[in-house]
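Here is my_file_8.pdb, consisting of PDB, C-alpha atoms:
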ATOM      1  CA  MET A   1     -39.235 -22.453  -4.269
ATOM      2  CA  ALA A   2     -37.173 -24.414  -6.789
ATOM      3  CA  ASN A   3     -34.989 -22.390  -9.055
ATOM      4  CA  ALA A   4     -35.344 -22.088 -12.788
ATOM      5  CA  VAL A   5     -32.327 -22.739 -14.988
ATOM      6  CA  ILE A   6     -30.838 -20.507 -17.632
ATOM      7  CA  THR A   7     -30.451 -22.779 -20.639
ATOM      8  CA  GLU A   8     -27.210 -23.398 -22.500
ATOM      9  CA  LYS A   9     -28.550 -21.275 -25.385
ATOM     10  CA  GLY A  10     -29.240 -18.446 -22.928
ATOM     11  CA  ARG A  11     -25.748 -18.691 -21.416
ATOM     12  CA  GLU A  12     -24.194 -18.769 -24.907
ATOM     13  CA  LYS A  13     -26.030 -15.570 -25.819
ATOM     14  CA  LEU A  14     -24.874 -13.921 -22.566
ATOM     15  CA  CYS A  15     -21.287 -14.965 -23.214
ATOM     16  CA  ARG A  16     -21.258 -13.562 -26.763
ATOM     17  CA  SER A  17     -22.970 -10.389 -25.582
ATOM     18  CA  HIS A  18     -20.379  -9.782 -22.851
ATOM     19  CA  ALA A  19     -17.641 -10.165 -25.471
ATOM     20  CA  GLY A  20     -19.362  -7.582 -27.680
ATOM     21  CA  ASP A  21     -20.035 -10.023 -30.518
ATOM     22  CA  ARG A  22     -23.826  -9.751 -30.337
ATOM     23  CA  SER A  23     -26.624  -7.946 -28.542
ATOM     24  CA  LEU A  24     -29.098  -9.779 -26.358
ATOM     25  CA  PRO A  25     -32.648 -10.179 -27.646
ATOM     26  CA  LYS A  26     -35.454  -9.197 -25.296
ATOM     27  CA  LEU A  27     -37.166 -11.946 -23.306
ATOM     28  CA  LYS A  28     -40.671 -11.843 -24.735
ATOM     29  CA  TRP A  29     -42.879 -14.882 -23.984
ATOM     30  CA  ILE A  30     -43.735 -17.219 -21.143
ATOM     31  CA  ALA A  31     -44.842 -20.659 -22.306
ATOM     32  CA  TYR A  32     -46.950 -23.043 -20.253
ATOM     33  CA  GLY A  33     -46.862 -26.818 -20.505
ATOM     34  CA  ASN A  34     -47.872 -30.045 -18.822
ATOM     35  CA  GLY A  35     -44.779 -32.179 -19.481
ATOM     36  CA  GLY A  36     -42.748 -31.270 -16.416
ATOM     37  CA  THR A  37     -43.437 -34.282 -14.197
ATOM     38  CA  ASP A  38     -42.817 -38.016 -14.258
ATOM     39  CA  GLU A  39     -45.567 -40.671 -13.981
ATOM     40  CA  ALA A  40     -45.539 -40.372 -10.177
ATOM     41  CA  GLY A  41     -46.080 -36.586 -10.392
ATOM     42  CA  ASN A  42     -42.551 -35.620  -9.369
ATOM     43  CA  PRO A  43     -40.981 -32.644 -11.179
ATOM     44  CA  LEU A  44     -38.469 -33.787 -13.798
ATOM     45  CA  PRO A  45     -34.909 -32.521 -13.349
ATOM     46  CA  MET A  46     -33.814 -29.480 -15.332
ATOM     47  CA  THR A  47     -30.513 -29.838 -17.152
ATOM     48  CA  GLY A  48     -30.110 -26.493 -18.911
ATOM     49  CA  LYS A  49     -29.920 -28.363 -22.229
ATOM     50  CA  GLU A  50     -33.648 -27.907 -22.870
ATOM     51  CA  GLU A  51     -34.516 -26.209 -26.152
ATOM     52  CA  ALA A  52     -38.297 -26.402 -25.732
ATOM     53  CA  LEU A  53     -40.922 -27.339 -23.201
ATOM     54  CA  ARG A  54     -41.640 -31.059 -23.163
ATOM     55  CA  ASN A  55     -45.297 -30.359 -23.959
ATOM     56  CA  GLU A  56     -46.034 -26.686 -24.617
ATOM     57  CA  LEU A  57     -49.716 -25.765 -24.464
ATOM     58  CA  LEU A  58     -49.801 -21.967 -24.591
ATOM     59  CA  ARG A  59     -47.369 -19.088 -25.092
ATOM     60  CA  LEU A  60     -48.208 -15.559 -23.921
ATOM     61  CA  GLU A  61     -46.266 -12.312 -23.934
ATOM     62  CA  ILE A  62     -44.635 -11.406 -20.640
ATOM     63  CA  ASP A  63     -46.922  -9.042 -18.700
ATOM     64  CA  ALA A  64     -44.329  -7.355 -16.481
ATOM     65  CA  HIS A  65     -40.939  -7.706 -14.860
ATOM     66  CA  GLN A  66     -39.217  -6.458 -11.713
ATOM     67  CA  TYR A  67     -35.854  -6.702  -9.957
ATOM     68  CA  PRO A  68     -36.295  -8.116  -6.428
ATOM     69  CA  ILE A  69     -32.501  -7.864  -6.047
ATOM     70  CA  PRO A  70     -29.987  -6.357  -8.506
ATOM     71  CA  THR A  71     -28.881  -9.772  -9.869
ATOM     72  CA  THR A  72     -32.353 -11.252 -10.391
ATOM     73  CA  CYS A  73     -35.124 -10.365 -12.821
ATOM     74  CA  GLU A  74     -38.590 -11.727 -12.104
ATOM     75  CA  TYR A  75     -40.909 -12.060 -15.106
ATOM     76  CA  ARG A  76     -44.679 -12.270 -14.648
ATOM     77  CA  SER A  77     -47.498 -13.575 -16.797
ATOM     78  CA  GLY A  78     -51.070 -14.504 -16.069
ATOM     79  CA  LEU A  79     -53.669 -16.904 -17.368
ATOM     80  CA  GLY A  80     -57.206 -15.640 -17.895
ATOM     81  CA  LYS A  81     -60.329 -17.529 -16.880
ATOM     82  CA  SER A  82     -60.636 -19.181 -20.302
ATOM     83  CA  ASP A  83     -56.940 -20.139 -20.620
ATOM     84  CA  LEU A  84     -55.955 -23.798 -20.078
ATOM     85  CA  VAL A  85     -59.110 -24.764 -18.182
ATOM     86  CA  ASN A  86     -58.994 -28.208 -16.513
ATOM     87  CA  ILE A  87     -55.318 -28.613 -17.447
ATOM     88  CA  PHE A  88     -52.607 -29.528 -14.949
ATOM     89  CA  LEU A  89     -49.555 -27.357 -15.637
ATOM     90  CA  SER A  90     -46.085 -28.535 -14.604
ATOM     91  CA  GLU A  91     -43.552 -26.555 -16.646
ATOM     92  CA  LEU A  92     -42.825 -22.967 -17.674
ATOM     93  CA  GLY A  93     -40.340 -21.492 -20.078
ATOM     94  CA  ILE A  94     -39.253 -18.012 -21.093
ATOM     95  CA  PHE A  95     -38.459 -17.485 -24.760
ATOM     96  CA  ASP A  96     -36.631 -14.539 -26.274
ATOM     97  CA  GLU A  97     -37.808 -12.571 -29.296
ATOM     98  CA  GLU A  98     -35.651 -14.837 -31.509
ATOM     99  CA  GLY A  99     -37.716 -17.821 -30.347
ATOM    100  CA  ASP A 100     -35.038 -19.484 -28.197
ATOM    101  CA  LEU A 101     -35.822 -21.002 -24.790
ATOM    102  CA  ILE A 102     -33.751 -19.026 -22.292
ATOM    103  CA  VAL A 103     -35.187 -19.941 -18.865
ATOM    104  CA  TYR A 104     -36.905 -23.221 -17.917
ATOM    105  CA  ARG A 105     -38.643 -24.571 -14.821
ATOM    106  CA  THR A 106     -40.527 -27.722 -13.825
ATOM    107  CA  PHE A 107     -42.815 -27.986 -10.790
ATOM    108  CA  LEU A 108     -45.586 -30.020  -9.170
ATOM    109  CA  LYS A 109     -48.812 -30.145 -11.190
ATOM    110  CA  LYS A 110     -51.102 -27.120 -10.774
ATOM    111  CA  GLY A 111     -54.728 -27.470 -11.897
ATOM    112  CA  LYS A 112     -56.849 -24.575 -13.108
ATOM    113  CA  ASP A 113     -60.631 -24.266 -12.892
ATOM    114  CA  ASP A 114     -62.705 -22.212 -15.328
ATOM    115  CA  ASP A 115     -63.410 -19.455 -12.789
ATOM    116  CA  MET A 116     -59.771 -18.908 -11.785
ATOM    117  CA  LEU A 117     -57.089 -16.477 -12.828
ATOM    118  CA  PHE A 118     -53.503 -17.730 -12.465
ATOM    119  CA  ASP A 119     -50.472 -15.463 -12.094
ATOM    120  CA  PHE A 120     -47.026 -16.993 -12.576
ATOM    121  CA  SER A 121     -43.603 -15.566 -11.978
ATOM    122  CA  ILE A 122     -40.275 -17.015 -12.961
ATOM    123  CA  GLN A 123     -36.900 -15.623 -11.942
ATOM    124  CA  GLU A 124     -33.734 -15.333 -13.986
ATOM    125  CA  MET A 125     -30.874 -15.244 -11.452
ATOM    126  CA  PHE A 126     -27.294 -14.237 -12.124
TER
END

Structure rendered as structure tokens:
Amino acid sequence: MANAVITEKGREKLCRSHAGDRSLPKLKWIAYGNGGTDEAGNPLPMTGKEEALRNELLRLEIDAHQYPIPTTCEYRSGLGKSDLVNIFLSELGIFDEEGDLIVYRTFLKKGKDDDMLFDFSIQEMF
């Protein structure tokens, strides 16, 4: 599994929070997009400078989270049968309640039929 990146904005917020100059906003949404691959279908590199998905299609509230190890939080969200039918997804992002992209990931295209439910998880690792 390829890792997601914590964006520069996310690291800036962590830095200021550790210094006591701000509190961290809750991570609230997972966004789905289809702009995460090149013309050959290869996942585009993640730089951490991303401020948005390349082509966001849908944003849903995070369904749940868990801690598989003490320094990693895994966020989960699912697509219903009617969500993004016949679309090939290739990028995910987590946005905080202030609307900033905090975690970003690209991946190989995943297609969704109209009778399928999709569950996605994305990990924020420290």

*asked:* Please enumerate the residues selected by the PyMOL selection byres ((chain A and resi 100-106) around 10) when evaluated against the supplied file, formatted as a PyMOL selection string.
replied: chain A and resi 2-13+25+27+29-31+33-37+42-54+89-99+107-109+122-125

_Shortest interatomic distance to A:Val85 - which of A:Ile69, A:Asp115, A:Arg59, A:Ala64, counting only C-alpha atoms_ = A:Asp115

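Here atom CA of A:Ile62 stands at a distance of 17.8 Å from atom CA of A:Ser82.
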
*Closest of A:Lys28, A:His18, A:Lys81, A:Lys112 to A:Asp63 - atom-to-atom distances counting only C-alpha atoms*: A:Lys28

*What residues come out when you apply the PyMOL selection byres ((chain A and resi 78) around 9) to this file, written as number ranges by chain?*
A: 60, 62-63, 76-77, 79-80, 117-121

_Just to confirm, what's the straight-line distance from atom CA of A:Ala40 to atom CA of A:Asp113 in Å (one decimal)?_
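Distance between the two atoms: 22.2 Å.
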
*Atomic separation - atom CA of A:Tyr32 relative to atom CA of A:Glu56, Å*: 5.8 Å

Axis-aligned box for stretch 49-59 of chain A, 8 Å per side, centre and edges in Å as JSON:
{"center_x": -39.9, "center_y": -25.1, "center_z": -24.2, "size_x": 35.9, "size_y": 28.0, "size_z": 19.9}
